[in-house]
>>> print(open('input.cif').read())   # mmCIF, C-alpha atoms and all ligand atoms
data_entry
#
loop_
_atom_site.label_atom_id
_atom_site.label_comp_id
_atom_site.auth_asym_id
_atom_site.auth_seq_id
_atom_site.Cartn_x
_atom_site.Cartn_y
_atom_site.Cartn_z
CA MET N 881 -38.00 19.39 9.87
CA LYS N 882 -40.04 17.38 7.43
CA ARG N 883 -39.08 13.74 7.07
CA ARG N 884 -38.20 14.19 3.38
CA ASN N 885 -35.80 17.08 4.15
CA PHE N 886 -34.22 15.08 6.98
CA ILE N 887 -33.51 12.17 4.62
CA GLN N 888 -32.02 14.48 1.99
CA LEU N 889 -29.80 16.15 4.59
CA GLY N 890 -28.66 12.76 5.90
CA VAL N 891 -27.79 11.45 2.47
CA GLY N 892 -26.08 14.70 1.50
CA ALA N 893 -24.03 14.83 4.69
CA GLY N 894 -22.96 11.24 4.19
CA LEU N 895 -21.72 11.96 0.72
CA VAL N 896 -19.80 15.03 1.85
CA ALA N 897 -18.21 13.13 4.71
CA SER N 898 -17.08 10.20 2.58
CA TRP N 899 -16.25 11.95 -0.69
CA PRO N 900 -12.61 13.08 -0.81
CA SER N 901 -12.03 16.73 -1.42
CA LEU N 902 -9.63 17.55 -4.19
CA ALA N 903 -8.12 20.30 -2.04
CA GLU N 904 -7.31 18.04 0.91
CA PRO N 905 -4.98 15.07 1.19
CA ARG N 906 -6.86 11.85 0.53
CA GLN N 907 -7.45 9.69 3.56
CA LEU N 908 -6.81 5.99 3.20
CA PRO N 909 -9.27 3.91 5.25
CA ILE N 910 -6.75 1.77 7.13
CA THR N 911 -8.69 -0.95 8.86
CA ALA N 912 -8.06 -4.56 9.67
CA ASP N 913 -9.09 -6.86 6.84
CA LEU N 914 -8.77 -4.17 4.15
CA ILE N 915 -5.06 -3.43 4.20
CA TYR N 916 -2.79 -5.19 6.67
CA SER N 917 0.32 -3.82 8.38
CA GLN N 918 2.66 -4.61 11.26
CA ASN N 919 0.22 -2.88 13.63
CA SER N 920 -2.98 -4.13 12.02
CA GLN N 921 -2.70 -7.82 11.10
CA GLY N 922 -6.41 -8.62 11.24
CA ARG N 923 -7.24 -12.16 10.24
CA TRP N 924 -3.62 -12.77 9.21
CA ALA N 925 -2.19 -12.24 12.70
CA GLY N 926 1.37 -13.54 12.90
CA LYS N 927 2.11 -13.07 9.20
CA ALA N 928 3.45 -9.50 9.28
CA SER N 929 7.13 -10.47 9.19
CA THR N 930 6.73 -12.41 5.95
CA HIS N 931 4.27 -10.05 4.25
CA THR N 932 5.07 -6.46 5.21
CA PRO N 933 7.49 -4.98 2.68
CA THR N 934 10.67 -3.56 4.12
CA ILE N 935 11.79 -0.27 2.63
CA GLU N 936 15.44 0.61 2.07
CA ILE N 937 16.41 4.03 0.77
CA ASP N 938 19.45 4.58 -1.43
CA LYS N 939 20.30 8.24 -2.02
CA THR N 940 23.37 8.16 -4.16
CA ASP N 941 24.29 10.03 -7.31
CA GLY N 942 21.60 12.69 -6.73
CA SER N 943 18.73 10.31 -7.26
CA THR N 944 16.74 8.27 -4.79
CA LYS N 945 16.17 4.57 -5.21
CA ILE N 946 13.67 2.68 -3.09
CA HIS N 947 14.29 -1.02 -2.49
CA LEU N 948 11.28 -3.05 -1.40
CA ILE N 949 11.79 -6.54 -0.06
CA THR N 950 9.14 -8.93 1.17
CA ALA N 951 10.61 -11.87 3.06
CA HIS N 952 8.09 -14.29 1.61
CA GLU N 953 8.44 -17.57 -0.20
CA MET N 954 8.11 -17.59 -3.98
CA ASN N 955 6.68 -21.08 -4.37
CA GLY N 956 5.62 -20.95 -7.99
CA TYR N 957 2.02 -19.86 -8.47
CA ASP N 958 0.97 -21.77 -5.33
CA HIS N 959 2.05 -19.11 -2.82
CA TYR N 960 3.95 -15.99 -3.80
CA ILE N 961 4.11 -12.22 -3.82
CA VAL N 962 2.13 -11.04 -6.82
CA LYS N 963 3.38 -7.46 -6.91
CA HIS N 964 4.92 -4.49 -5.17
CA VAL N 965 3.29 -1.08 -5.61
CA LEU N 966 4.66 2.31 -4.63
CA LEU N 967 2.33 5.26 -3.91
CA ASP N 968 3.17 8.88 -3.15
CA LYS N 969 1.99 10.96 -0.18
CA GLN N 970 -1.35 11.57 -1.93
CA TYR N 971 -1.82 7.82 -2.51
CA GLN N 972 -1.13 8.34 -6.19
CA PHE N 973 0.46 5.50 -8.12
CA MET N 974 4.21 5.90 -8.67
CA ALA N 975 5.41 2.49 -9.82
CA GLU N 976 4.87 -1.23 -9.55
CA HIS N 977 6.70 -4.48 -10.09
CA LEU N 978 4.75 -7.57 -11.10
CA PHE N 979 6.54 -10.79 -10.12
CA ASN N 980 6.85 -13.97 -12.11
CA PRO N 981 7.19 -16.64 -9.39
CA THR N 982 8.58 -19.16 -11.87
CA GLN N 983 11.55 -16.88 -12.61
CA GLU N 984 11.98 -14.70 -9.49
CA ASN N 985 12.74 -16.47 -6.22
CA VAL N 986 12.98 -13.29 -4.11
CA ALA N 987 10.30 -10.59 -3.84
CA ARG N 988 12.58 -7.61 -4.35
CA SER N 989 11.87 -4.44 -6.31
CA VAL N 990 13.91 -1.32 -7.02
CA PHE N 991 12.18 1.92 -7.95
CA THR N 992 13.97 5.11 -8.96
CA VAL N 993 12.02 8.15 -7.74
CA GLY N 994 14.41 10.96 -8.69
CA ASN N 995 14.27 13.87 -6.24
CA TYR N 996 10.84 13.04 -4.78
CA THR N 997 10.49 13.89 -1.10
CA GLY N 998 7.77 13.12 1.43
CA LEU N 999 5.89 10.02 2.40
CA VAL N 1000 5.85 6.91 0.28
CA TYR N 1001 3.54 3.97 0.74
CA ALA N 1002 4.80 0.51 -0.16
CA LEU N 1003 2.31 -2.26 -0.83
CA SER N 1004 3.00 -5.97 -1.12
CA LEU N 1005 0.30 -8.30 -2.41
CA CYS N 1006 0.34 -12.00 -1.50
CA ASN N 1007 -1.84 -14.33 -3.56
CA LYS N 1008 -3.15 -15.94 -0.33
CA HIS N 1009 -2.71 -13.33 2.41
CA ASP N 1010 -3.85 -10.13 0.74
CA LEU N 1011 -2.38 -6.63 0.76
CA TRP N 1012 0.27 -5.37 3.22
CA LEU N 1013 1.40 -1.79 3.79
CA ASN N 1014 4.51 -0.10 5.00
CA THR N 1015 5.45 3.56 4.78
CA THR N 1016 8.43 5.83 5.21
CA GLU N 1017 9.44 9.44 4.71
CA LEU N 1018 12.03 10.35 2.10
FE FE N 1101 1.49 -15.28 1.93
#
>>> encode(input="input.cif", output="structure tokens")
Amino acid sequence: MKRRNFIQLGVGAGLVASWPSLAEPRQLPITADLIYSQNSQGRWAGKASTHTPTIEIDKTDGSTKIHLITAHEMNGYDHYIVKHVLLDKQYQFMAEHLFNPTQENVARSVFTVGNYTGLVYALSLCNKHDLWLNTTEL
């Protein structure tokens, strides 16, 4: 194989391997120091309990509500949870709640998702300790 063809094949294969297919579920690159979780705390080891959002499911009245709570301080703009984000099983945005730490002293969000079923991904963003993930199946 000529060197030029080898380089083209290598570049092409790299693009195919890293480019998400529209027909397949998207793969989230979960690694330490990109998105943190209970099982992957990376450089923030020991902070999972105050940064990982807990997920509570409320299925009453034919509609599902998702309660996200992050047991984190809301110390004004010095140290607080910036937002909660909810993604569906395809990592598509469903909803978010942006916190005002001067008015909200608990990082709690409630999202109504109707009759959605399947995985949901809950994200909690700390202004100092980055992005934390939890997931559950509805
Ligand atoms: Fe924090």
>>> atom_distance(input="input.cif", atom1="CA of Phe973 (chain N)", atom2="CA of Arg923 (chain N)")
26.6 Å
>>> closest_atom_pairs(input="input.cif", of="chain N", to="ligand FE 1101 (chain N)", cutoff="6 Å", atoms="all atoms listed in the file", output="Markdown table")
| residue | atom | partner | partner_atom | distance |
| --- | --- | --- | --- | --- |
| N:Cys1006 | CA | N:FE1101 | FE | 4.9 |
| N:Lys1008 | CA | N:FE1101 | FE | 5.2 |
| N:His1009 | CA | N:FE1101 | FE | 4.7 |
>>> closest_residue(input="input.cif", among="N:Ile935, N:Gly942, N:Trp1012, N:Tyr960", to="Asn919 (chain N)", atoms="only C-alpha atoms")
N:Trp1012
>>> residues_near_point(input="input.cif", point="(-0.9, -8.1, -6.4)", cutoff="10 Å", atoms="only C-alpha atoms", output="ChimeraX atom specification")
/N:960-965,976-979,1003-1007,1010-1011
>>> closest_residue(input="input.cif", among="N:Thr982, N:Asp913, N:Leu967, N:Asn955", to="Ala925 (chain N)", atoms="all atoms listed in the file")
N:Asp913
>>> atom_distance(input="input.cif", atom1="CA of Tyr971 (chain N)", atom2="CA of Val1000 (chain N)")
8.2 Å
>>> atom_distance(input="input.cif", atom1="CA of Leu1013 (chain N)", atom2="CA of Phe991 (chain N)")
16.4 Å
>>> axis_aligned_box(input="input.cif", around="region 995-1004 of chain N", padding_each_side="3 Å", output="AutoDock Vina command-line options")
--center_x 8.3 --center_y 4.0 --center_z -1.9 --size_x 18.0 --size_y 25.9 --size_z 14.6
>>> closest_residue(input="input.cif", among="N:Thr1015, N:Gly998, N:Thr992, N:Ala928", to="Asp941 (chain N)", atoms="only C-alpha atoms")
N:Thr992
>>> closest_residue(input="input.cif", among="N:Thr940, N:Thr932, N:Asn995, N:Gln970", to="Leu1018 (chain N)", atoms="all atoms listed in the file")
N:Asn995
>>> closest_residue(input="input.cif", among="N:Thr1016, N:Tyr957, N:Leu948, N:His931", to="Arg988 (chain N)", atoms="all atoms listed in the file")
N:Leu948
>>> residues_around(input="input.cif", residues="Gln972 (chain N)", least_positions_apart="3", cutoff="10 Å", atoms="all atoms listed in the file", output="number ranges by chain")
N: 906, 966-969, 975, 1000-1001
>>> decode(input="input.cif", residues="region 936-985 of chain N", atoms="N, CA and C atoms", output="mmCIF file, in the first residue's frame")
data_model
loop_
_atom_site.group_PDB
_atom_site.id
_atom_site.type_symbol
_atom_site.label_atom_id
_atom_site.label_comp_id
_atom_site.auth_asym_id
_atom_site.auth_seq_id
_atom_site.Cartn_x
_atom_site.Cartn_y
_atom_site.Cartn_z
ATOM 1 N N GLU N 936 -35.459 10.920 42.055
ATOM 2 C CA GLU N 936 -36.671 10.343 42.629
ATOM 3 C C GLU N 936 -37.761 10.410 41.573
ATOM 4 N N ILE N 937 -38.475 9.295 41.435
ATOM 5 C CA ILE N 937 -39.519 9.190 40.409
ATOM 6 C C ILE N 937 -40.886 9.244 41.074
ATOM 7 N N ASP N 938 -41.750 10.062 40.528
ATOM 8 C CA ASP N 938 -43.115 10.202 41.033
ATOM 9 C C ASP N 938 -44.067 9.921 39.873
ATOM 10 N N LYS N 939 -44.706 8.737 39.939
ATOM 11 C CA LYS N 939 -45.644 8.364 38.863
ATOM 12 C C LYS N 939 -47.060 8.392 39.401
ATOM 13 N N THR N 940 -47.596 9.568 39.516
ATOM 14 C CA THR N 940 -48.969 9.700 39.968
ATOM 15 C C THR N 940 -49.751 10.475 38.917
ATOM 16 N N ASP N 941 -51.044 10.238 38.909
ATOM 17 C CA ASP N 941 -51.950 10.949 38.004
ATOM 18 C C ASP N 941 -51.598 10.734 36.535
ATOM 19 N N GLY N 942 -51.030 9.572 36.179
ATOM 20 C CA GLY N 942 -50.763 9.253 34.783
ATOM 21 C C GLY N 942 -49.627 10.016 34.143
ATOM 22 N N SER N 943 -48.876 10.726 34.926
ATOM 23 C CA SER N 943 -47.749 11.473 34.386
ATOM 24 C C SER N 943 -46.560 11.270 35.314
ATOM 25 N N THR N 944 -45.389 11.241 34.732
ATOM 26 C CA THR N 944 -44.186 11.009 35.520
ATOM 27 C C THR N 944 -43.473 12.324 35.811
ATOM 28 N N LYS N 945 -43.140 12.490 37.074
ATOM 29 C CA LYS N 945 -42.321 13.628 37.477
ATOM 30 C C LYS N 945 -40.987 13.096 37.982
ATOM 31 N N ILE N 946 -39.922 13.778 37.611
ATOM 32 C CA ILE N 946 -38.582 13.415 38.055
ATOM 33 C C ILE N 946 -38.077 14.516 38.978
ATOM 34 N N HIS N 947 -37.728 14.120 40.189
ATOM 35 C CA HIS N 947 -37.169 15.064 41.166
ATOM 36 C C HIS N 947 -35.665 14.842 41.216
ATOM 37 N N LEU N 948 -34.910 15.877 40.966
ATOM 38 C CA LEU N 948 -33.454 15.823 41.101
ATOM 39 C C LEU N 948 -33.059 16.657 42.307
ATOM 40 N N ILE N 949 -32.217 16.076 43.124
ATOM 41 C CA ILE N 949 -31.712 16.780 44.301
ATOM 42 C C ILE N 949 -30.200 16.588 44.362
ATOM 43 N N THR N 950 -29.487 17.664 44.522
ATOM 44 C CA THR N 950 -28.047 17.589 44.757
ATOM 45 C C THR N 950 -27.797 18.138 46.154
ATOM 46 N N ALA N 951 -27.241 17.290 47.007
ATOM 47 C CA ALA N 951 -27.023 17.656 48.414
ATOM 48 C C ALA N 951 -25.770 18.514 48.541
ATOM 49 N N HIS N 952 -25.839 19.683 47.981
ATOM 50 C CA HIS N 952 -24.687 20.586 47.884
ATOM 51 C C HIS N 952 -25.053 21.931 48.495
ATOM 52 N N GLU N 953 -24.082 22.597 49.047
ATOM 53 C CA GLU N 953 -24.356 23.930 49.576
ATOM 54 C C GLU N 953 -24.723 24.895 48.445
ATOM 55 N N MET N 954 -25.507 25.904 48.793
ATOM 56 C CA MET N 954 -25.831 26.977 47.848
ATOM 57 C C MET N 954 -25.349 28.263 48.512
ATOM 58 N N ASN N 955 -24.050 28.462 48.447
ATOM 59 C CA ASN N 955 -23.381 29.558 49.146
ATOM 60 C C ASN N 955 -23.206 30.757 48.217
ATOM 61 N N GLY N 956 -24.343 31.359 47.872
ATOM 62 C CA GLY N 956 -24.283 32.483 46.942
ATOM 63 C C GLY N 956 -23.580 32.068 45.661
ATOM 64 N N TYR N 957 -22.922 33.013 45.013
ATOM 65 C CA TYR N 957 -22.198 32.691 43.779
ATOM 66 C C TYR N 957 -20.795 32.164 44.061
ATOM 67 N N ASP N 958 -20.429 32.004 45.337
ATOM 68 C CA ASP N 958 -19.106 31.489 45.679
ATOM 69 C C ASP N 958 -18.990 30.005 45.372
ATOM 70 N N HIS N 959 -19.991 29.216 45.778
ATOM 71 C CA HIS N 959 -19.949 27.773 45.578
ATOM 72 C C HIS N 959 -21.387 27.278 45.555
ATOM 73 N N TYR N 960 -21.823 26.797 44.402
ATOM 74 C CA TYR N 960 -23.234 26.419 44.266
ATOM 75 C C TYR N 960 -23.434 25.509 43.065
ATOM 76 N N ILE N 961 -24.630 24.949 42.994
ATOM 77 C CA ILE N 961 -25.015 24.163 41.822
ATOM 78 C C ILE N 961 -25.605 25.130 40.802
ATOM 79 N N VAL N 962 -24.997 25.154 39.657
ATOM 80 C CA VAL N 962 -25.384 26.092 38.597
ATOM 81 C C VAL N 962 -26.680 25.646 37.931
ATOM 82 N N LYS N 963 -26.764 24.341 37.610
ATOM 83 C CA LYS N 963 -27.960 23.855 36.926
ATOM 84 C C LYS N 963 -28.111 22.345 37.041
ATOM 85 N N HIS N 964 -29.309 21.895 36.823
ATOM 86 C CA HIS N 964 -29.642 20.496 36.591
ATOM 87 C C HIS N 964 -30.083 20.372 35.143
ATOM 88 N N VAL N 965 -29.676 19.291 34.497
ATOM 89 C CA VAL N 965 -30.080 19.026 33.113
ATOM 90 C C VAL N 965 -30.555 17.589 33.037
ATOM 91 N N LEU N 966 -31.615 17.375 32.299
ATOM 92 C CA LEU N 966 -32.166 16.038 32.085
ATOM 93 C C LEU N 966 -32.045 15.689 30.609
ATOM 94 N N LEU N 967 -31.475 14.491 30.322
ATOM 95 C CA LEU N 967 -31.319 14.013 28.949
ATOM 96 C C LEU N 967 -32.064 12.696 28.801
ATOM 97 N N ASP N 968 -32.525 12.413 27.579
ATOM 98 C CA ASP N 968 -33.208 11.136 27.352
ATOM 99 C C ASP N 968 -32.201 10.040 27.008
ATOM 100 N N LYS N 969 -32.708 8.868 26.663
ATOM 101 C CA LYS N 969 -31.840 7.705 26.420
ATOM 102 C C LYS N 969 -30.903 7.891 25.230
ATOM 103 N N GLN N 970 -31.199 8.842 24.368
ATOM 104 C CA GLN N 970 -30.331 9.153 23.228
ATOM 105 C C GLN N 970 -29.445 10.364 23.512
ATOM 106 N N TYR N 971 -29.364 10.750 24.793
ATOM 107 C CA TYR N 971 -28.595 11.918 25.224
ATOM 108 C C TYR N 971 -29.130 13.210 24.628
ATOM 109 N N GLN N 972 -30.413 13.209 24.320
ATOM 110 C CA GLN N 972 -31.041 14.429 23.811
ATOM 111 C C GLN N 972 -31.580 15.241 24.992
ATOM 112 N N PHE N 973 -31.463 16.533 24.896
ATOM 113 C CA PHE N 973 -31.921 17.442 25.924
ATOM 114 C C PHE N 973 -33.423 17.293 26.151
ATOM 115 N N MET N 974 -33.826 17.176 27.409
ATOM 116 C CA MET N 974 -35.245 17.143 27.757
ATOM 117 C C MET N 974 -35.649 18.404 28.519
ATOM 118 N N ALA N 975 -34.854 18.781 29.495
ATOM 119 C CA ALA N 975 -35.213 19.935 30.328
ATOM 120 C C ALA N 975 -34.003 20.343 31.159
ATOM 121 N N GLU N 976 -34.086 21.562 31.692
ATOM 122 C CA GLU N 976 -33.043 22.018 32.600
ATOM 123 C C GLU N 976 -33.643 22.993 33.601
ATOM 124 N N HIS N 977 -32.928 23.150 34.699
ATOM 125 C CA HIS N 977 -33.291 24.150 35.705
ATOM 126 C C HIS N 977 -32.021 24.899 36.067
ATOM 127 N N LEU N 978 -32.027 26.198 35.837
ATOM 128 C CA LEU N 978 -30.895 27.053 36.163
ATOM 129 C C LEU N 978 -31.154 27.675 37.532
ATOM 130 N N PHE N 979 -30.217 27.498 38.461
ATOM 131 C CA PHE N 979 -30.416 27.966 39.827
ATOM 132 C C PHE N 979 -29.924 29.403 40.013
ATOM 133 N N ASN N 980 -30.627 30.091 40.876
ATOM 134 C CA ASN N 980 -30.183 31.400 41.345
ATOM 135 C C ASN N 980 -29.773 31.209 42.809
ATOM 136 N N PRO N 981 -28.471 31.143 43.095
ATOM 137 C CA PRO N 981 -28.028 30.808 44.457
ATOM 138 C C PRO N 981 -28.328 31.895 45.479
ATOM 139 N N THR N 982 -28.758 33.057 45.039
ATOM 140 C CA THR N 982 -29.138 34.091 46.011
ATOM 141 C C THR N 982 -30.600 33.928 46.433
ATOM 142 N N GLN N 983 -31.359 33.105 45.687
ATOM 143 C CA GLN N 983 -32.773 32.917 46.013
ATOM 144 C C GLN N 983 -33.139 31.472 46.331
ATOM 145 N N GLU N 984 -32.332 30.510 45.862
ATOM 146 C CA GLU N 984 -32.624 29.088 46.087
ATOM 147 C C GLU N 984 -31.535 28.515 46.988
ATOM 148 N N ASN N 985 -31.933 28.002 48.138
ATOM 149 C CA ASN N 985 -30.936 27.467 49.070
ATOM 150 C C ASN N 985 -30.836 25.948 49.036
#
